[in-house]
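Asks: This one is data24.pdb, PDB, C-alpha atoms.
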ATOM      1  CA  MET A 125      55.559 102.244  62.020
ATOM      2  CA  LEU A 126      56.650 104.598  64.786
ATOM      3  CA  PHE A 127      54.040 107.290  65.206
ATOM      4  CA  GLU A 128      55.650 110.641  64.490
ATOM      5  CA  PRO A 129      52.849 112.977  63.389
ATOM      6  CA  ARG A 130      53.707 115.786  61.028
ATOM      7  CA  SER A 131      52.105 118.179  63.509
ATOM      8  CA  GLY A 132      54.647 116.958  66.081
ATOM      9  CA  ARG A 133      57.591 117.720  63.800
ATOM     10  CA  LEU A 134      56.183 121.147  62.914
ATOM     11  CA  ALA A 135      55.557 122.047  66.556
ATOM     12  CA  ALA A 136      58.859 120.689  67.896
ATOM     13  CA  TRP A 137      61.126 122.304  65.327
ATOM     14  CA  GLY A 138      58.953 125.401  65.089
ATOM     15  CA  ASN A 139      59.383 125.847  68.836
ATOM     16  CA  ALA A 140      63.142 125.368  68.518
ATOM     17  CA  LEU A 141      63.251 128.008  65.793
ATOM     18  CA  LEU A 142      61.100 130.461  67.761
ATOM     19  CA  ALA A 143      63.372 129.992  70.784
ATOM     20  CA  GLY A 144      66.481 130.673  68.722
ATOM     21  CA  LEU A 145      67.761 127.113  69.180
ATOM     22  CA  ALA A 146      67.593 126.053  65.524
ATOM     23  CA  SER A 147      68.250 127.808  62.232
ATOM     24  CA  PRO A 148      65.456 128.208  59.670
ATOM     25  CA  ASP A 149      67.130 125.736  57.311
ATOM     26  CA  GLU A 150      67.596 123.128  60.046
ATOM     27  CA  ALA A 151      64.007 123.519  61.221
ATOM     28  CA  VAL A 152      62.488 123.265  57.738
ATOM     29  CA  LEU A 153      64.563 120.206  56.788
ATOM     30  CA  SER A 154      63.534 118.457  59.998
ATOM     31  CA  ILE A 155      59.844 119.321  59.558
ATOM     32  CA  VAL A 156      59.698 118.157  55.934
ATOM     33  CA  GLY A 157      61.557 114.926  56.715
ATOM     34  CA  GLU A 158      61.006 112.401  53.918
ATOM     35  CA  ASP A 159      58.165 114.377  52.320
ATOM     36  CA  ALA A 160      58.768 116.157  49.020
ATOM     37  CA  VAL A 161      57.495 119.589  49.997
ATOM     38  CA  HIS A 162      55.432 121.446  52.605
ATOM     39  CA  ARG A 163      53.441 124.609  51.820
ATOM     40  CA  VAL A 164      51.292 126.844  54.017
ATOM     41  CA  GLU A 165      47.973 128.197  52.705
ATOM     42  CA  GLY A 166      45.739 130.879  54.211
ATOM     43  CA  LEU A 167      48.460 132.695  56.122
ATOM     44  CA  PRO A 168      47.402 136.258  56.998
ATOM     45  CA  GLY A 169      48.919 138.671  54.513
ATOM     46  CA  GLU A 170      49.502 136.013  51.840
ATOM     47  CA  THR A 171      47.168 135.315  48.926
ATOM     48  CA  VAL A 172      48.957 132.163  47.712
ATOM     49  CA  PRO A 173      50.568 129.186  49.442
ATOM     50  CA  VAL A 174      54.069 129.904  50.743
ATOM     51  CA  GLY A 175      57.036 127.839  51.865
ATOM     52  CA  LEU A 176      57.734 126.866  55.450
ATOM     53  CA  THR A 177      60.622 129.292  55.896
ATOM     54  CA  LEU A 178      58.498 132.298  55.011
ATOM     55  CA  ALA A 179      55.511 130.913  56.939
ATOM     56  CA  LEU A 180      57.439 130.391  60.187
ATOM     57  CA  GLY A 181      58.914 133.880  59.916
ATOM     58  CA  ARG A 182      55.457 135.366  59.292
ATOM     59  CA  LEU A 183      54.000 133.516  62.281
ATOM     60  CA  ARG A 184      56.712 134.998  64.486
ATOM     61  CA  ALA A 185      55.927 138.471  63.110
ATOM     62  CA  LEU A 186      52.237 137.892  63.906
ATOM     63  CA  GLY A 187      53.117 137.338  67.566
ATOM     64  CA  VAL A 188      53.375 133.544  67.708
ATOM     65  CA  THR A 189      55.637 132.523  70.597
ATOM     66  CA  GLY A 190      55.052 128.766  70.559
ATOM     67  CA  LEU A 191      53.278 125.878  68.866
ATOM     68  CA  ARG A 192      51.160 123.149  70.448
ATOM     69  CA  VAL A 193      50.019 119.804  69.013
ATOM     70  CA  ALA A 194      46.477 118.426  68.898
ATOM     71  CA  LEU A 195      45.785 114.747  68.117
ATOM     72  CA  PRO A 196      41.986 114.461  68.218
ATOM     73  CA  ALA A 197      39.957 111.306  67.664
ATOM     74  CA  PRO A 198      36.182 110.759  67.549
ATOM     75  CA  GLY A 199      34.810 111.544  70.995
ATOM     76  CA  HIS A 200      38.183 112.848  72.204
ATOM     77  CA  PRO A 201      39.082 116.427  71.126
ATOM     78  CA  LEU A 202      42.622 116.082  72.475
ATOM     79  CA  GLY A 203      44.481 119.397  72.340
ATOM     80  CA  LEU A 204      41.663 121.350  70.673
ATOM     81  CA  SER A 205      39.956 124.505  71.912
ATOM     82  CA  GLY A 206      37.614 125.407  69.037
ATOM     83  CA  PRO A 207      35.917 126.875  67.134
ATOM     84  CA  PRO A 208      33.854 124.041  65.579
ATOM     85  CA  GLU A 209      35.179 124.585  62.039
ATOM     86  CA  PHE A 210      38.797 124.180  63.127
ATOM     87  CA  ASN A 211      37.946 121.222  65.367
ATOM     88  CA  ALA A 212      36.172 119.471  62.482
ATOM     89  CA  ARG A 213      39.103 119.963  60.107
ATOM     90  CA  ALA A 214      41.563 118.789  62.755
ATOM     91  CA  LEU A 215      39.452 115.736  63.550
ATOM     92  CA  GLU A 216      39.308 114.814  59.863
ATOM     93  CA  ALA A 217      43.112 115.073  59.606
ATOM     94  CA  GLU A 218      43.547 113.475  63.065
ATOM     95  CA  GLU A 219      46.116 116.147  63.933
ATOM     96  CA  ALA A 220      46.726 119.891  64.021
ATOM     97  CA  VAL A 221      49.040 122.585  65.341
ATOM     98  CA  VAL A 222      47.730 125.426  67.503
ATOM     99  CA  SER A 223      49.671 128.680  67.831
ATOM    100  CA  VAL A 224      50.425 130.381  71.124
ATOM    101  CA  GLY A 225      50.344 134.187  70.984
ATOM    102  CA  ALA A 226      48.092 134.430  67.918
ATOM    103  CA  ALA A 227      44.679 132.845  67.362
ATOM    104  CA  LEU A 228      45.780 130.647  64.467
ATOM    105  CA  GLY A 229      45.868 126.908  63.873
ATOM    106  CA  LEU A 230      47.328 124.774  61.103
ATOM    107  CA  VAL A 231      45.798 121.558  59.747
ATOM    108  CA  PRO A 232      47.739 119.358  57.293
ATOM    109  CA  GLU A 233      46.385 118.022  54.034
ATOM    110  CA  VAL A 234      48.553 115.211  52.637
ATOM    111  CA  SER A 235      48.715 114.369  48.911
ATOM    112  CA  GLU A 236      50.548 111.480  47.270
ATOM    113  CA  ALA A 237      51.579 111.083  43.639
ATOM    114  CA  GLY A 238      53.689 108.644  41.662
ATOM    115  CA  PRO A 239      53.995 104.885  41.233
ATOM    116  CA  ALA A 240      54.479 102.420  44.064
ATOM    117  CA  GLY A 241      58.018 102.602  45.364
ATOM    118  CA  ASP A 242      58.468 106.158  44.126
ATOM    119  CA  VAL A 243      55.644 108.029  45.827
ATOM    120  CA  HIS A 244      56.100 111.763  46.335
ATOM    121  CA  VAL A 245      54.283 113.206  49.345
ATOM    122  CA  SER A 246      53.337 116.871  49.519
ATOM    123  CA  VAL A 247      51.734 118.549  52.503
ATOM    124  CA  THR A 248      49.622 121.701  52.548
ATOM    125  CA  TRP A 249      49.103 123.290  55.955
ATOM    126  CA  HIS A 250      45.780 125.166  56.043
ATOM    127  CA  VAL A 251      45.764 128.138  58.417
ATOM    128  CA  LEU A 252      42.468 128.689  60.242
ATOM    129  CA  PRO A 253      41.334 130.846  63.170
ATOM    130  CA  VAL A 254      41.254 129.171  66.569
ATOM    131  CA  ARG A 255      39.762 130.023  69.925
ATOM    132  CA  GLU A 256      42.275 131.187  72.531
ATOM    133  CA  ALA A 257      41.453 128.822  75.385
ATOM    134  CA  PRO A 258      43.183 125.994  77.280
ATOM    135  CA  PRO A 259      43.572 122.872  75.102
ATOM    136  CA  ALA A 260      41.340 119.917  75.925
ATOM    137  CA  ASP A 261      42.552 116.980  78.032
ATOM    138  CA  VAL A 262      46.333 117.526  77.805
ATOM    139  CA  PRO A 263      48.156 115.986  80.805
ATOM    140  CA  SER A 264      51.404 117.124  82.402
ATOM    141  CA  LEU A 265      54.560 115.200  81.539
ATOM    142  CA  GLY A 266      54.571 113.557  84.952
ATOM    143  CA  GLU A 267      50.966 112.463  84.637
ATOM    144  CA  ALA A 268      51.572 111.179  81.111
ATOM    145  CA  GLU A 269      54.594 109.153  82.213
ATOM    146  CA  ARG A 270      52.648 107.481  85.023
ATOM    147  CA  GLU A 271      49.737 106.690  82.704
ATOM    148  CA  LEU A 272      52.096 105.223  80.108
ATOM    149  CA  ALA A 273      53.747 102.827  82.534
ATOM    150  CA  GLU A 274      50.338 101.371  83.361
ATOM    151  CA  ALA A 275      49.267 101.408  79.697
ATOM    152  CA  LEU A 276      52.338  99.429  78.686
ATOM    153  CA  ARG A 277      51.460  96.718  81.196
ATOM    154  CA  GLU A 278      47.843  96.703  80.035
ATOM    155  CA  ALA A 279      48.814  96.469  76.366
ATOM    156  CA  THR A 280      51.099  93.507  77.051
ATOM    157  CA  GLU A 281      48.376  91.743  79.033
ATOM    158  CA  VAL A 282      45.754  92.381  76.363
ATOM    159  CA  LEU A 283      47.925  91.077  73.537
ATOM    160  CA  THR A 284      48.799  87.977  75.537
ATOM    161  CA  ARG A 285      45.224  87.298  76.628
ATOM    162  CA  LEU A 286      43.798  87.716  73.133
ATOM    163  CA  ASP A 287      46.655  85.753  71.563
ATOM    164  CA  VAL A 288      47.505  88.517  69.102
ATOM    165  CA  ALA A 289      50.478  87.494  67.006
ATOM    166  CA  GLY A 290      53.667  89.339  67.890
ATOM    167  CA  SER A 291      55.782  87.756  65.193
ATOM    168  CA  GLY A 292      55.912  87.609  61.452
ATOM    169  CA  PRO A 293      57.619  89.904  58.924
ATOM    170  CA  VAL A 294      55.470  92.983  59.558
ATOM    171  CA  ALA A 295      55.861  92.838  63.323
ATOM    172  CA  GLU A 296      59.562  92.017  63.158
ATOM    173  CA  ALA A 297      60.236  94.903  60.768
ATOM    174  CA  ALA A 298      58.411  97.347  63.012
ATOM    175  CA  LEU A 299      60.197  96.156  66.136
ATOM    176  CA  SER A 300      63.569  96.233  64.374
ATOM    177  CA  ALA A 301      62.960  99.818  63.264
ATOM    178  CA  TYR A 302      62.080 100.798  66.818
ATOM    179  CA  ARG A 303      65.204  99.148  68.260
ATOM    180  CA  ALA A 304      67.465 100.656  65.578
ATOM    181  CA  ARG A 305      66.150 104.120  66.267
ATOM    182  CA  ALA A 306      66.577 103.717  70.024
ATOM    183  CA  GLU A 307      70.104 102.295  69.699
ATOM    184  CA  ALA A 308      71.185 105.042  67.322
ATOM    185  CA  GLY A 309      70.098 107.646  69.850
ATOM    186  CA  ARG A 310      68.237 109.584  67.169
ATOM    187  CA  GLU A 311      67.013 112.903  68.479
ATOM    188  CA  ALA A 312      63.318 112.314  69.042
ATOM    189  CA  LEU A 313      62.331 115.923  69.540
ATOM    190  CA  ALA A 314      64.204 119.175  68.928
ATOM    191  CA  PRO A 315      66.596 121.420  70.861
ATOM    192  CA  GLY A 316      64.995 123.013  73.922
ATOM    193  CA  TYR A 317      62.929 120.023  75.044
ATOM    194  CA  PRO A 318      63.492 118.537  78.510
ATOM    195  CA  ALA A 319      64.938 115.037  78.801
ATOM    196  CA  ARG A 320      61.723 113.841  80.399
ATOM    197  CA  ALA A 321      59.794 114.825  77.273
ATOM    198  CA  VAL A 322      62.119 112.739  75.109
ATOM    199  CA  ARG A 323      61.607 109.785  77.476
ATOM    200  CA  VAL A 324      57.818 110.171  77.476
ATOM    201  CA  LEU A 325      57.722 110.470  73.681
ATOM    202  CA  ALA A 326      59.783 107.304  73.222
ATOM    203  CA  LEU A 327      57.587 105.356  75.632
ATOM    204  CA  ALA A 328      54.394 106.674  73.990
ATOM    205  CA  GLN A 329      55.705 105.569  70.598
ATOM    206  CA  ARG A 330      56.470 102.124  72.002
ATOM    207  CA  VAL A 331      52.929 101.783  73.360
ATOM    208  CA  ASP A 332      51.490 103.051  70.070
ATOM    209  CA  LEU A 333      53.624 100.523  68.186
ATOM    210  CA  MET A 334      52.206  97.671  70.274
ATOM    211  CA  VAL A 335      48.651  98.840  69.625
ATOM    212  CA  SER A 336      49.358  99.194  65.880
ATOM    213  CA  LEU A 337      50.755  95.674  65.728
ATOM    214  CA  ALA A 338      47.674  94.363  67.493
ATOM    215  CA  TYR A 339      45.395  95.954  64.909
ATOM    216  CA  GLU A 340      47.486  95.293  61.798
ATOM    217  CA  ASN A 341      49.318  92.009  62.356
ATOM    218  CA  GLY A 342      46.501  89.595  61.589
ATOM    219  CA  HIS A 343      43.829  88.387  63.947
ATOM    220  CA  GLY A 344      45.960  86.064  66.061
ATOM    221  CA  GLY A 345      43.663  83.963  68.200
ATOM    222  CA  ALA A 346      40.852  86.540  68.044
ATOM    223  CA  VAL A 347      39.034  84.909  65.146
ATOM    224  CA  ALA A 348      35.399  85.451  66.044
ATOM    225  CA  ALA A 349      33.870  88.850  65.419
ATOM    226  CA  SER A 350      33.058  89.150  69.124
ATOM    227  CA  GLU A 351      36.698  88.456  70.023
ATOM    228  CA  MET A 352      37.917  91.016  67.500
ATOM    229  CA  ALA A 353      35.525  93.572  68.989
ATOM    230  CA  ALA A 354      36.796  92.711  72.468
ATOM    231  CA  ARG A 355      40.367  93.334  71.353
ATOM    232  CA  ALA A 356      39.481  96.751  69.939
ATOM    233  CA  GLU A 357      37.569  97.640  73.098
ATOM    234  CA  ALA A 358      40.461  96.585  75.320
ATOM    235  CA  LEU A 359      43.077  98.469  73.313
ATOM    236  CA  ARG A 360      41.112 101.698  72.889
ATOM    237  CA  PRO A 361      41.980 103.186  76.316
ATOM    238  CA  VAL A 362      45.634 102.204  75.832
ATOM    239  CA  GLU A 363      45.711 104.016  72.503
ATOM    240  CA  ARG A 364      44.083 107.064  74.137
ATOM    241  CA  VAL A 365      46.794 107.183  76.824
ATOM    242  CA  ALA A 366      49.525 107.000  74.166
ATOM    243  CA  ARG A 367      48.024 109.919  72.234
ATOM    244  CA  ARG A 368      47.707 111.997  75.413
ATOM    245  CA  ALA A 369      51.355 111.339  76.185
ATOM    246  CA  LEU A 370      52.474 112.272  72.679
ATOM    247  CA  VAL A 371      50.696 115.622  72.972
ATOM    248  CA  ALA A 372      52.166 116.226  76.439
ATOM    249  CA  ALA A 373      55.677 115.559  75.122
ATOM    250  CA  TYR A 374      55.379 117.775  72.053
ATOM    251  CA  ASN A 375      53.767 120.587  74.064
ATOM    252  CA  SER A 376      56.221 120.466  76.970
ATOM    253  CA  ALA A 377      58.582 123.117  75.581
ATOM    254  CA  VAL A 378      55.732 125.642  75.456
ATOM    255  CA  GLU A 379      54.492 124.634  78.910
ATOM    256  CA  ALA A 380      58.003 125.024  80.353
ATOM    257  CA  ARG A 381      58.406 128.507  78.879
ATOM    258  CA  GLU A 382      54.990 129.593  80.162
ATOM    259  CA  ARG A 383      55.994 128.485  83.676
ATOM    260  CA  GLY A 384      59.085 130.647  83.359
TER
END
Starting from the coordinates I provided, produce the structure as structure tokens.
Replies:
Amino acid sequence: MLFEPRSGRLAAWGNALLAGLASPDEAVLSIVGEDAVHRVEGLPGETVPVGLTLALGRLRALGVTGLRVALPAPGHPLGLSGPPEFNARALEAEEAVVSVGAALGLVPEVSEAGPAGDVHVSVTWHVLPVREAPPADVPSLGEAERELAEALREATEVLTRLDVAGSGPVAEAALSAYRARAEAGREALAPGYPARAVRVLALAQRVDLMVSLAYENGHGGAVAASEMAARAEALRPVERVARRALVAAYNSAVEARERG
């Protein structure tokens, strides 16, 4: 249940590759993860979808020096800079990658096939033109870390006040997965990212996990429709802070390079 958007993996390992800190094979394997295959469609100079290795090399040849993440939600165009067509596609997918050095963005389209228990996931990244402008509402790492500390307290208070169940098989499985990942020291980002970014990402994922449990793990004591609405209203700003922090963490390698 940990929130690790595909755009985050593409940006993190794409940045490592562009910086010469990861090989093409290592980057592609890390981006694809447990998916079956990733293809890139609409790349300048290509008339058919191509694989990630070729696509990342072509982006470098087109002048791309870094990749940023956008995680927009209705009313919150987080990480986007336009134009409207790209923003709309990114909002529909709830994520996107924006290139630095070339006016191109990538939006994933996810397809699933196969029976339950043996589902094969394929991802097509659609390349679209973007506006070269500062991304919307992306905080610094320091700002994101401060916001997260407060958000974690707020999320705990909200769940306690609304009596949202924090137990049961779904919640326990999610919490166990989080603890196992933390204890194993699994690399959360990619080579070239500052330690603070790894810390912010882990904390943002923890906050996002708490919010997800609140929405998905039954109604707890919030039985009435008004109480359920109150829970959603209380958790919405916490969820917004977590998404802002995720974007700040994934984009920190690019920000660090731009500062020299």
Asks: If I take atom CA of A:Ser154 and atom CA of A:Arg133, how far is one from the other in Å, to one decimal?
Replies: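 Value for the atom CA of A:Ser154-atom CA of A:Arg133 distance: 7.1 Å.
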Asks: Once the PyMOL selection byres ((chain A and resi 179) around 12) is applied to the coordinates I shared, what remains selected? I want it as a short mmCIF file (atom, residue, chain, number, x, y, z; two decimals) with C-alpha atoms, in the frame of the given file.
Replies:
data_model
loop_
_atom_site.label_atom_id
_atom_site.label_comp_id
_atom_site.auth_asym_id
_atom_site.auth_seq_id
_atom_site.Cartn_x
_atom_site.Cartn_y
_atom_site.Cartn_z
CA LEU A 134 56.18 121.15 62.91
CA GLY A 138 58.95 125.40 65.09
CA PRO A 148 65.46 128.21 59.67
CA VAL A 152 62.49 123.26 57.74
CA HIS A 162 55.43 121.45 52.60
CA ARG A 163 53.44 124.61 51.82
CA VAL A 164 51.29 126.84 54.02
CA GLU A 165 47.97 128.20 52.70
CA GLY A 166 45.74 130.88 54.21
CA LEU A 167 48.46 132.70 56.12
CA PRO A 168 47.40 136.26 57.00
CA GLY A 169 48.92 138.67 54.51
CA GLU A 170 49.50 136.01 51.84
CA VAL A 172 48.96 132.16 47.71
CA PRO A 173 50.57 129.19 49.44
CA VAL A 174 54.07 129.90 50.74
CA GLY A 175 57.04 127.84 51.86
CA LEU A 176 57.73 126.87 55.45
CA THR A 177 60.62 129.29 55.90
CA LEU A 178 58.50 132.30 55.01
CA LEU A 180 57.44 130.39 60.19
CA GLY A 181 58.91 133.88 59.92
CA ARG A 182 55.46 135.37 59.29
CA LEU A 183 54.00 133.52 62.28
CA ARG A 184 56.71 135.00 64.49
CA ALA A 185 55.93 138.47 63.11
CA LEU A 186 52.24 137.89 63.91
CA VAL A 188 53.38 133.54 67.71
CA LEU A 230 47.33 124.77 61.10
CA THR A 248 49.62 121.70 52.55
CA TRP A 249 49.10 123.29 55.96
CA HIS A 250 45.78 125.17 56.04
CA VAL A 251 45.76 128.14 58.42
#
Asks: Carefully work through the PyMOL selection byres ((chain A and resi 268) around 8) for this structure and note down the residues it includes, as a PyMOL selection string.
Replies: chain A and resi 263-267+269-272+324+365+368-369+372
Asks: When the PyMOL selection byres ((chain A and resi 231) around 8) is applied to the file above, which residues end up in the set, as a VMD selection string?
Replies: chain A and resid 213 to 214 217 219 to 221 229 to 230 232 to 233 249 to 252
Asks: If you measure from atom CA of A:Arg330 to atom CA of A:Val222, what distance in Å do you get, rounded to one decimal?
Replies: 25.3 Å
Asks: Could you tell me how far atom CA of A:Pro315 sits from atom CA of A:Ser147, in Å to one decimal place?
Replies: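 Separation between atom CA of A:Ser147 and atom CA of A:Pro315: 10.9 Å.
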Asks: Neighbours of A:Pro196 within 9 Å (all atoms listed in the file; same-chain residues fewer than 3 positions away dropped), as a PyMOL selection string?
Replies: chain A and resi 199-204+211+214-220+367
Asks: Go through A:Val262, A:Ala237, A:Ala380, A:Leu337 one by one, measure the shortest atom-to-atom distance of each to A:Arg364 using all atoms listed in the file, and give the residue with the smallest value.
Replies: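 Result for the nearest residue to A:Arg364: A:Val262.
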Asks: Of the candidates A:Ser205, A:Leu195, A:Ser376, A:Ser246, which one gets nearest to A:Glu363 if we count all atoms listed in the file?
Replies: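 Closest to A:Glu363 of all the choices is A:Leu195.
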Asks: So which residues touch A:Ala227 within 6 Å, counting only C-alpha atoms, skipping near sequence neighbours fewer than 3 positions away, as a PyMOL selection string?
Replies: chain A and resi 253-254+256
Asks: Include C-alpha atoms and write out the residues we just selected as a PDB file, keeping the file's coordinate frame.
Replies:
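Result file follows (selection.pdb):
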ATOM      1  CA  PRO A 253      41.334 130.846  63.170  1.00  0.00           C
ATOM      2  CA  VAL A 254      41.254 129.171  66.569  1.00  0.00           C
ATOM      3  CA  GLU A 256      42.275 131.187  72.531  1.00  0.00           C
TER       4      GLU A 256
END
Asks: Between A:Gly206, A:Pro361, A:Gly144, A:Gly225, which has the minimum distance to A:Gly190 (counting only C-alpha atoms)?
Replies: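 Closest to A:Gly190 of all the choices is A:Gly225.
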Asks: Nearest to A:Trp137: which of A:Ala319, A:Ile155, A:Leu325, A:Ala273 is it, counting only C-alpha atoms?
Replies: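 Of the candidates, the smallest distance to A:Trp137 is held by A:Ile155.
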Asks: Given 4 Å of margin on each side, can you work out the centre and size in Å (one decimal) of an axis-aligned box holding every listed atom of stretch 234-239 of chain A, as JSON?
Replies:
{"center_x": 51.3, "center_y": 110.0, "center_z": 46.9, "size_x": 13.4, "size_y": 18.3, "size_z": 19.4}
